[in-house]
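> You'll find model_1.pdb just under this line, and it carries PDB, N, CA and C atoms, pLDDT in the B column.
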MODEL        1
ATOM      1  N   MET A   1      51.580  15.696  64.463  1.00 40.00           N
ATOM      2  CA  MET A   1      51.673  16.857  65.317  1.00 40.00           C
ATOM      3  C   MET A   1      52.326  17.994  64.542  1.00 40.00           C
ATOM      4  N   VAL A   2      51.748  19.168  64.625  1.00 43.00           N
ATOM      5  CA  VAL A   2      52.271  20.335  63.937  1.00 43.00           C
ATOM      6  C   VAL A   2      52.707  21.348  64.983  1.00 43.00           C
ATOM      7  N   SER A   3      53.890  21.907  64.807  1.00 44.00           N
ATOM      8  CA  SER A   3      54.390  22.887  65.765  1.00 44.00           C
ATOM      9  C   SER A   3      54.352  24.281  65.159  1.00 44.00           C
ATOM     10  N   TRP A   4      54.264  25.274  66.005  1.00 44.00           N
ATOM     11  CA  TRP A   4      54.207  26.666  65.582  1.00 44.00           C
ATOM     12  C   TRP A   4      55.614  27.224  65.603  1.00 44.00           C
ATOM     13  N   CYS A   5      56.039  27.848  64.517  1.00 48.00           N
ATOM     14  CA  CYS A   5      57.392  28.389  64.411  1.00 48.00           C
ATOM     15  C   CYS A   5      57.342  29.814  63.889  1.00 48.00           C
ATOM     16  N   GLN A   6      58.406  30.568  64.150  1.00 47.00           N
ATOM     17  CA  GLN A   6      58.536  31.903  63.594  1.00 47.00           C
ATOM     18  C   GLN A   6      59.781  31.950  62.735  1.00 47.00           C
ATOM     19  N   HIS A   7      59.689  32.644  61.621  1.00 49.00           N
ATOM     20  CA  HIS A   7      60.815  32.750  60.707  1.00 49.00           C
ATOM     21  C   HIS A   7      60.786  34.127  60.064  1.00 49.00           C
ATOM     22  N   ARG A   8      61.774  34.947  60.331  1.00 51.00           N
ATOM     23  CA  ARG A   8      61.875  36.278  59.721  1.00 51.00           C
ATOM     24  C   ARG A   8      60.577  37.059  59.827  1.00 51.00           C
ATOM     25  N   ASP A   9      60.027  37.160  60.974  1.00 50.00           N
ATOM     26  CA  ASP A   9      58.775  37.878  61.227  1.00 50.00           C
ATOM     27  C   ASP A   9      57.562  37.238  60.566  1.00 50.00           C
ATOM     28  N   TRP A  10      57.718  36.042  60.000  1.00 50.00           N
ATOM     29  CA  TRP A  10      56.594  35.310  59.416  1.00 50.00           C
ATOM     30  C   TRP A  10      56.236  34.192  60.376  1.00 50.00           C
ATOM     31  N   ASN A  11      54.978  33.947  60.549  1.00 53.00           N
ATOM     32  CA  ASN A  11      54.528  32.816  61.359  1.00 53.00           C
ATOM     33  C   ASN A  11      54.056  31.726  60.408  1.00 53.00           C
ATOM     34  N   TYR A  12      54.455  30.512  60.673  1.00 55.00           N
ATOM     35  CA  TYR A  12      54.034  29.407  59.824  1.00 55.00           C
ATOM     36  C   TYR A  12      54.042  28.123  60.635  1.00 55.00           C
ATOM     37  N   PHE A  13      53.358  27.129  60.116  1.00 58.00           N
ATOM     38  CA  PHE A  13      53.333  25.826  60.752  1.00 58.00           C
ATOM     39  C   PHE A  13      54.410  24.947  60.133  1.00 58.00           C
ATOM     40  N   MET A  14      55.088  24.186  60.968  1.00 61.00           N
ATOM     41  CA  MET A  14      56.113  23.278  60.483  1.00 61.00           C
ATOM     42  C   MET A  14      55.784  21.883  60.997  1.00 61.00           C
ATOM     43  N   ALA A  15      55.604  20.962  60.071  1.00 67.00           N
ATOM     44  CA  ALA A  15      55.299  19.582  60.435  1.00 67.00           C
ATOM     45  C   ALA A  15      56.581  18.857  60.801  1.00 67.00           C
ATOM     46  N   PRO A  16      56.497  17.862  61.658  1.00 68.00           N
ATOM     47  CA  PRO A  16      57.692  17.069  61.967  1.00 68.00           C
ATOM     48  C   PRO A  16      58.114  16.265  60.747  1.00 68.00           C
ATOM     49  N   PRO A  17      59.377  15.849  60.677  1.00 64.00           N
ATOM     50  CA  PRO A  17      59.828  15.067  59.529  1.00 64.00           C
ATOM     51  C   PRO A  17      59.035  13.772  59.389  1.00 64.00           C
ATOM     52  N   LYS A  18      58.787  13.372  58.151  1.00 70.00           N
ATOM     53  CA  LYS A  18      58.093  12.109  57.920  1.00 70.00           C
ATOM     54  C   LYS A  18      59.018  10.963  58.295  1.00 70.00           C
ATOM     55  N   LYS A  19      58.441   9.855  58.689  1.00 81.00           N
ATOM     56  CA  LYS A  19      59.242   8.724  59.154  1.00 81.00           C
ATOM     57  C   LYS A  19      59.895   7.957  58.013  1.00 81.00           C
ATOM     58  N   ASP A  20      59.330   8.014  56.820  1.00 87.00           N
ATOM     59  CA  ASP A  20      59.885   7.270  55.703  1.00 87.00           C
ATOM     60  C   ASP A  20      60.800   8.178  54.877  1.00 87.00           C
ATOM     61  N   THR A  21      61.787   8.782  55.533  1.00 86.00           N
ATOM     62  CA  THR A  21      62.730   9.677  54.872  1.00 86.00           C
ATOM     63  C   THR A  21      64.137   9.324  55.304  1.00 86.00           C
ATOM     64  N   GLU A  22      65.092   9.870  54.584  1.00 89.00           N
ATOM     65  CA  GLU A  22      66.495   9.666  54.927  1.00 89.00           C
ATOM     66  C   GLU A  22      67.228  10.987  54.717  1.00 89.00           C
ATOM     67  N   ALA A  23      68.023  11.394  55.683  1.00 88.00           N
ATOM     68  CA  ALA A  23      68.781  12.638  55.573  1.00 88.00           C
ATOM     69  C   ALA A  23      69.971  12.442  54.650  1.00 88.00           C
ATOM     70  N   ILE A  24      70.280  13.493  53.887  1.00 91.00           N
ATOM     71  CA  ILE A  24      71.494  13.483  53.078  1.00 91.00           C
ATOM     72  C   ILE A  24      72.258  14.775  53.353  1.00 91.00           C
ATOM     73  N   ASN A  25      73.557  14.716  53.217  1.00 93.00           N
ATOM     74  CA  ASN A  25      74.400  15.892  53.385  1.00 93.00           C
ATOM     75  C   ASN A  25      74.878  16.297  51.998  1.00 93.00           C
ATOM     76  N   LEU A  26      74.745  17.564  51.673  1.00 93.00           N
ATOM     77  CA  LEU A  26      75.054  18.026  50.331  1.00 93.00           C
ATOM     78  C   LEU A  26      75.875  19.299  50.399  1.00 93.00           C
ATOM     79  N   ARG A  27      77.018  19.300  49.752  1.00 96.00           N
ATOM     80  CA  ARG A  27      77.837  20.508  49.637  1.00 96.00           C
ATOM     81  C   ARG A  27      77.592  21.126  48.278  1.00 96.00           C
ATOM     82  N   LEU A  28      77.397  22.448  48.265  1.00 96.00           N
ATOM     83  CA  LEU A  28      77.146  23.167  47.024  1.00 96.00           C
ATOM     84  C   LEU A  28      78.058  24.382  46.941  1.00 96.00           C
ATOM     85  N   PRO A  29      78.448  24.777  45.737  1.00 98.00           N
ATOM     86  CA  PRO A  29      79.211  26.023  45.595  1.00 98.00           C
ATOM     87  C   PRO A  29      78.372  27.208  46.078  1.00 98.00           C
ATOM     88  N   ARG A  30      79.025  28.197  46.622  1.00 98.00           N
ATOM     89  CA  ARG A  30      78.310  29.369  47.145  1.00 98.00           C
ATOM     90  C   ARG A  30      77.442  30.033  46.077  1.00 98.00           C
ATOM     91  N   GLU A  31      77.916  30.014  44.827  1.00 98.00           N
ATOM     92  CA  GLU A  31      77.140  30.627  43.747  1.00 98.00           C
ATOM     93  C   GLU A  31      75.813  29.890  43.543  1.00 98.00           C
ATOM     94  N   LEU A  32      75.825  28.574  43.679  1.00 97.00           N
ATOM     95  CA  LEU A  32      74.603  27.797  43.533  1.00 97.00           C
ATOM     96  C   LEU A  32      73.664  28.044  44.718  1.00 97.00           C
ATOM     97  N   ILE A  33      74.213  28.176  45.903  1.00 97.00           N
ATOM     98  CA  ILE A  33      73.391  28.486  47.084  1.00 97.00           C
ATOM     99  C   ILE A  33      72.750  29.861  46.923  1.00 97.00           C
ATOM    100  N   ALA A  34      73.513  30.834  46.425  1.00 98.00           N
ATOM    101  CA  ALA A  34      72.964  32.178  46.199  1.00 98.00           C
ATOM    102  C   ALA A  34      71.836  32.128  45.176  1.00 98.00           C
ATOM    103  N   ALA A  35      72.020  31.357  44.100  1.00 97.00           N
ATOM    104  CA  ALA A  35      70.970  31.218  43.090  1.00 97.00           C
ATOM    105  C   ALA A  35      69.735  30.542  43.675  1.00 97.00           C
ATOM    106  N   LEU A  36      69.948  29.539  44.509  1.00 97.00           N
ATOM    107  CA  LEU A  36      68.834  28.854  45.168  1.00 97.00           C
ATOM    108  C   LEU A  36      68.078  29.828  46.072  1.00 97.00           C
ATOM    109  N   ASP A  37      68.808  30.620  46.844  1.00 97.00           N
ATOM    110  CA  ASP A  37      68.168  31.597  47.730  1.00 97.00           C
ATOM    111  C   ASP A  37      67.398  32.652  46.943  1.00 97.00           C
ATOM    112  N   ASP A  38      67.964  33.096  45.803  1.00 97.00           N
ATOM    113  CA  ASP A  38      67.248  34.056  44.950  1.00 97.00           C
ATOM    114  C   ASP A  38      65.942  33.454  44.455  1.00 97.00           C
ATOM    115  N   ARG A  39      65.978  32.197  44.054  1.00 97.00           N
ATOM    116  CA  ARG A  39      64.769  31.531  43.547  1.00 97.00           C
ATOM    117  C   ARG A  39      63.749  31.307  44.662  1.00 97.00           C
ATOM    118  N   ARG A  40      64.234  31.001  45.869  1.00 97.00           N
ATOM    119  CA  ARG A  40      63.327  30.822  47.012  1.00 97.00           C
ATOM    120  C   ARG A  40      62.520  32.084  47.269  1.00 97.00           C
ATOM    121  N   ARG A  41      63.151  33.241  47.121  1.00 97.00           N
ATOM    122  CA  ARG A  41      62.486  34.511  47.417  1.00 97.00           C
ATOM    123  C   ARG A  41      61.363  34.826  46.437  1.00 97.00           C
ATOM    124  N   ILE A  42      61.360  34.182  45.284  1.00 96.00           N
ATOM    125  CA  ILE A  42      60.287  34.382  44.300  1.00 96.00           C
ATOM    126  C   ILE A  42      59.026  33.624  44.713  1.00 96.00           C
ATOM    127  N   GLU A  43      59.199  32.519  45.437  1.00 95.00           N
ATOM    128  CA  GLU A  43      58.064  31.693  45.862  1.00 95.00           C
ATOM    129  C   GLU A  43      57.209  32.464  46.878  1.00 95.00           C
ATOM    130  N   PRO A  44      55.880  32.334  46.796  1.00 94.00           N
ATOM    131  CA  PRO A  44      55.003  33.074  47.714  1.00 94.00           C
ATOM    132  C   PRO A  44      55.135  32.654  49.176  1.00 94.00           C
ATOM    133  N   ASP A  45      55.598  31.419  49.436  1.00 94.00           N
ATOM    134  CA  ASP A  45      55.673  30.936  50.817  1.00 94.00           C
ATOM    135  C   ASP A  45      57.099  30.901  51.378  1.00 94.00           C
ATOM    136  N   LEU A  46      58.095  31.413  50.665  1.00 95.00           N
ATOM    137  CA  LEU A  46      59.498  31.401  51.070  1.00 95.00           C
ATOM    138  C   LEU A  46      59.902  30.059  51.679  1.00 95.00           C
ATOM    139  N   PRO A  47      60.041  29.048  50.832  1.00 95.00           N
ATOM    140  CA  PRO A  47      60.406  27.724  51.344  1.00 95.00           C
ATOM    141  C   PRO A  47      61.823  27.709  51.916  1.00 95.00           C
ATOM    142  N   THR A  48      62.084  26.753  52.777  1.00 95.00           N
ATOM    143  CA  THR A  48      63.428  26.558  53.305  1.00 95.00           C
ATOM    144  C   THR A  48      64.325  26.061  52.179  1.00 95.00           C
ATOM    145  N   ARG A  49      65.614  26.090  52.394  1.00 95.00           N
ATOM    146  CA  ARG A  49      66.532  25.549  51.379  1.00 95.00           C
ATOM    147  C   ARG A  49      66.239  24.079  51.086  1.00 95.00           C
ATOM    148  N   PRO A  50      66.095  23.233  52.119  1.00 94.00           N
ATOM    149  CA  PRO A  50      65.787  21.827  51.816  1.00 94.00           C
ATOM    150  C   PRO A  50      64.482  21.664  51.026  1.00 94.00           C
ATOM    151  N   GLU A  51      63.463  22.443  51.381  1.00 95.00           N
ATOM    152  CA  GLU A  51      62.188  22.351  50.665  1.00 95.00           C
ATOM    153  C   GLU A  51      62.352  22.807  49.224  1.00 95.00           C
ATOM    154  N   MET A  52      63.122  23.854  48.991  1.00 96.00           N
ATOM    155  CA  MET A  52      63.326  24.336  47.627  1.00 96.00           C
ATOM    156  C   MET A  52      64.092  23.311  46.799  1.00 96.00           C
ATOM    157  N   ILE A  53      65.062  22.648  47.413  1.00 95.00           N
ATOM    158  CA  ILE A  53      65.794  21.589  46.715  1.00 95.00           C
ATOM    159  C   ILE A  53      64.859  20.434  46.383  1.00 95.00           C
ATOM    160  N   ARG A  54      63.967  20.059  47.324  1.00 93.00           N
ATOM    161  CA  ARG A  54      62.982  19.005  47.047  1.00 93.00           C
ATOM    162  C   ARG A  54      62.103  19.392  45.855  1.00 93.00           C
ATOM    163  N   ARG A  55      61.609  20.636  45.859  1.00 94.00           N
ATOM    164  CA  ARG A  55      60.738  21.090  44.776  1.00 94.00           C
ATOM    165  C   ARG A  55      61.471  21.054  43.435  1.00 94.00           C
ATOM    166  N   ALA A  56      62.708  21.520  43.427  1.00 94.00           N
ATOM    167  CA  ALA A  56      63.483  21.531  42.186  1.00 94.00           C
ATOM    168  C   ALA A  56      63.730  20.110  41.690  1.00 94.00           C
ATOM    169  N   LEU A  57      64.027  19.210  42.610  1.00 93.00           N
ATOM    170  CA  LEU A  57      64.286  17.823  42.234  1.00 93.00           C
ATOM    171  C   LEU A  57      63.019  17.160  41.683  1.00 93.00           C
ATOM    172  N   ILE A  58      61.910  17.386  42.324  1.00 92.00           N
ATOM    173  CA  ILE A  58      60.635  16.834  41.843  1.00 92.00           C
ATOM    174  C   ILE A  58      60.305  17.390  40.463  1.00 92.00           C
ATOM    175  N   GLN A  59      60.494  18.694  40.276  1.00 91.00           N
ATOM    176  CA  GLN A  59      60.216  19.295  38.977  1.00 91.00           C
ATOM    177  C   GLN A  59      61.138  18.711  37.903  1.00 91.00           C
ATOM    178  N   TRP A  60      62.406  18.544  38.215  1.00 91.00           N
ATOM    179  CA  TRP A  60      63.341  17.952  37.263  1.00 91.00           C
ATOM    180  C   TRP A  60      62.937  16.526  36.907  1.00 91.00           C
ATOM    181  N   LEU A  61      62.564  15.749  37.919  1.00 89.00           N
ATOM    182  CA  LEU A  61      62.125  14.386  37.661  1.00 89.00           C
ATOM    183  C   LEU A  61      60.892  14.347  36.761  1.00 89.00           C
ATOM    184  N   GLU A  62      59.947  15.265  37.009  1.00 89.00           N
ATOM    185  CA  GLU A  62      58.756  15.338  36.168  1.00 89.00           C
ATOM    186  C   GLU A  62      59.111  15.761  34.748  1.00 89.00           C
ATOM    187  N   MET A  63      60.028  16.702  34.608  1.00 90.00           N
ATOM    188  CA  MET A  63      60.421  17.183  33.284  1.00 90.00           C
ATOM    189  C   MET A  63      61.162  16.110  32.484  1.00 90.00           C
ATOM    190  N   THR A  64      61.866  15.235  33.172  1.00 90.00           N
ATOM    191  CA  THR A  64      62.609  14.193  32.481  1.00 90.00           C
ATOM    192  C   THR A  64      61.857  12.866  32.488  1.00 90.00           C
ATOM    193  N   GLU A  65      60.588  12.923  32.873  1.00 81.00           N
ATOM    194  CA  GLU A  65      59.676  11.788  32.864  1.00 81.00           C
ATOM    195  C   GLU A  65      60.113  10.637  33.738  1.00 81.00           C
ATOM    196  N   LYS A  66      60.808  10.938  34.830  1.00 56.00           N
ATOM    197  CA  LYS A  66      61.159   9.902  35.804  1.00 56.00           C
ATOM    198  C   LYS A  66      59.991   9.773  36.768  1.00 56.00           C
ATOM    199  N   THR A  67      59.750   8.593  37.276  1.00 57.00           N
ATOM    200  CA  THR A  67      58.681   8.394  38.242  1.00 57.00           C
ATOM    201  C   THR A  67      59.274   8.305  39.632  1.00 57.00           C
ATOM    202  N   LEU A  68      58.485   8.725  40.594  1.00 54.00           N
ATOM    203  CA  LEU A  68      58.930   8.674  41.996  1.00 54.00           C
ATOM    204  C   LEU A  68      58.710   7.314  42.588  1.00 54.00           C
TER     205      LEU A  68
ENDMDL
END
For the file at hand, write its structure as structure tokens.

Amino acid sequence: MVSWCQHRDWNYFMAPPKKDTEAINLRLPRELIAALDDRRRIEPDLPTRPEMIRRALIQWLEMTEKTL
């Protein structure tokens, strides 16, 4: 099921969380959050913070040849 959401005058579809996932709580320095937000704004789809962290982690894993 996909729900319709609005975010900063943008309309987009948001899927419900996948069932085979686990939530984590992460504290970051404000400077790192600001850098993450700056990088998010470069992306054409303006990902959420969690999505941007997922993308960065996947890219790092690929760059260091780790498998998922």
> Could you tell me which of A:Arg55, A:Arg49, A:Ile42, A:Glu65 comes closest to Leu28 of chain A if we count only C-alpha atoms?
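Closest candidate: A:Arg49.
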> Just the residues within 12 Å of Ala56 of chain A, please, counting only C-alpha atoms, with nothing from its chain fewer than 4 positions along; format it as an NGL selection string.
:A and (36 or 39-40 or 47 or 49-52 or 60-63)
> Expressed in Å to a single decimal, how great is the separation between atom N of Leu32 of chain A and atom C of Lys18 of chain A?
28.4 Å
> If I take atom CA of Glu31 of chain A and atom CA of Thr64 of chain A, how far is one from the other in Å, to one decimal?
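If I compute the distance from atom CA of Glu31 of chain A to atom CA of Thr64 of chain A, I get 24.7 Å.
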> Between atom CA of Asp20 of chain A and atom CA of Leu46 of chain A, measure the distance and give it in Å to one decimal.
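Pair atom CA of Asp20 of chain A / atom CA of Leu46 of chain A returns 24.6 Å.
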> Is it possible to dump segment 31-43 of chain A as a PDB file, in the first residue's frame, including just N, CA and C atoms?

ATOM      1  N   GLU A  31      27.006  19.437  13.209  1.00  0.00           N
ATOM      2  CA  GLU A  31      27.757  19.731  11.987  1.00  0.00           C
ATOM      3  C   GLU A  31      27.571  18.617  10.951  1.00  0.00           C
ATOM      4  N   LEU A  32      27.511  17.375  11.404  1.00  0.00           N
ATOM      5  CA  LEU A  32      27.305  16.258  10.494  1.00  0.00           C
ATOM      6  C   LEU A  32      25.874  16.268   9.945  1.00  0.00           C
ATOM      7  N   ILE A  33      24.916  16.621  10.771  1.00  0.00           N
ATOM      8  CA  ILE A  33      23.523  16.726  10.307  1.00  0.00           C
ATOM      9  C   ILE A  33      23.407  17.832   9.263  1.00  0.00           C
ATOM     10  N   ALA A  34      24.070  18.964   9.498  1.00  0.00           N
ATOM     11  CA  ALA A  34      24.046  20.065   8.527  1.00  0.00           C
ATOM     12  C   ALA A  34      24.665  19.624   7.206  1.00  0.00           C
ATOM     13  N   ALA A  35      25.780  18.892   7.268  1.00  0.00           N
ATOM     14  CA  ALA A  35      26.416  18.391   6.048  1.00  0.00           C
ATOM     15  C   ALA A  35      25.508  17.403   5.325  1.00  0.00           C
ATOM     16  N   LEU A  36      24.834  16.555   6.082  1.00  0.00           N
ATOM     17  CA  LEU A  36      23.893  15.600   5.494  1.00  0.00           C
ATOM     18  C   LEU A  36      22.750  16.342   4.802  1.00  0.00           C
ATOM     19  N   ASP A  37      22.208  17.356   5.460  1.00  0.00           N
ATOM     20  CA  ASP A  37      21.118  18.137   4.867  1.00  0.00           C
ATOM     21  C   ASP A  37      21.571  18.868   3.607  1.00  0.00           C
ATOM     22  N   ASP A  38      22.808  19.405   3.624  1.00  0.00           N
ATOM     23  CA  ASP A  38      23.345  20.058   2.421  1.00  0.00           C
ATOM     24  C   ASP A  38      23.434  19.065   1.274  1.00  0.00           C
ATOM     25  N   ARG A  39      23.888  17.860   1.561  1.00  0.00           N
ATOM     26  CA  ARG A  39      24.023  16.834   0.516  1.00  0.00           C
ATOM     27  C   ARG A  39      22.657  16.368   0.016  1.00  0.00           C
ATOM     28  N   ARG A  40      21.680  16.285   0.923  1.00  0.00           N
ATOM     29  CA  ARG A  40      20.320  15.897   0.520  1.00  0.00           C
ATOM     30  C   ARG A  40      19.761  16.866  -0.509  1.00  0.00           C
ATOM     31  N   ARG A  41      20.041  18.152  -0.338  1.00  0.00           N
ATOM     32  CA  ARG A  41      19.490  19.173  -1.228  1.00  0.00           C
ATOM     33  C   ARG A  41      20.051  19.084  -2.642  1.00  0.00           C
ATOM     34  N   ILE A  42      21.175  18.412  -2.810  1.00  0.00           N
ATOM     35  CA  ILE A  42      21.762  18.228  -4.145  1.00  0.00           C
ATOM     36  C   ILE A  42      21.013  17.146  -4.922  1.00  0.00           C
ATOM     37  N   GLU A  43      20.435  16.183  -4.203  1.00  0.00           N
ATOM     38  CA  GLU A  43      19.717  15.075  -4.841  1.00  0.00           C
ATOM     39  C   GLU A  43      18.447  15.600  -5.527  1.00  0.00           C
TER      40      GLU A  43
END
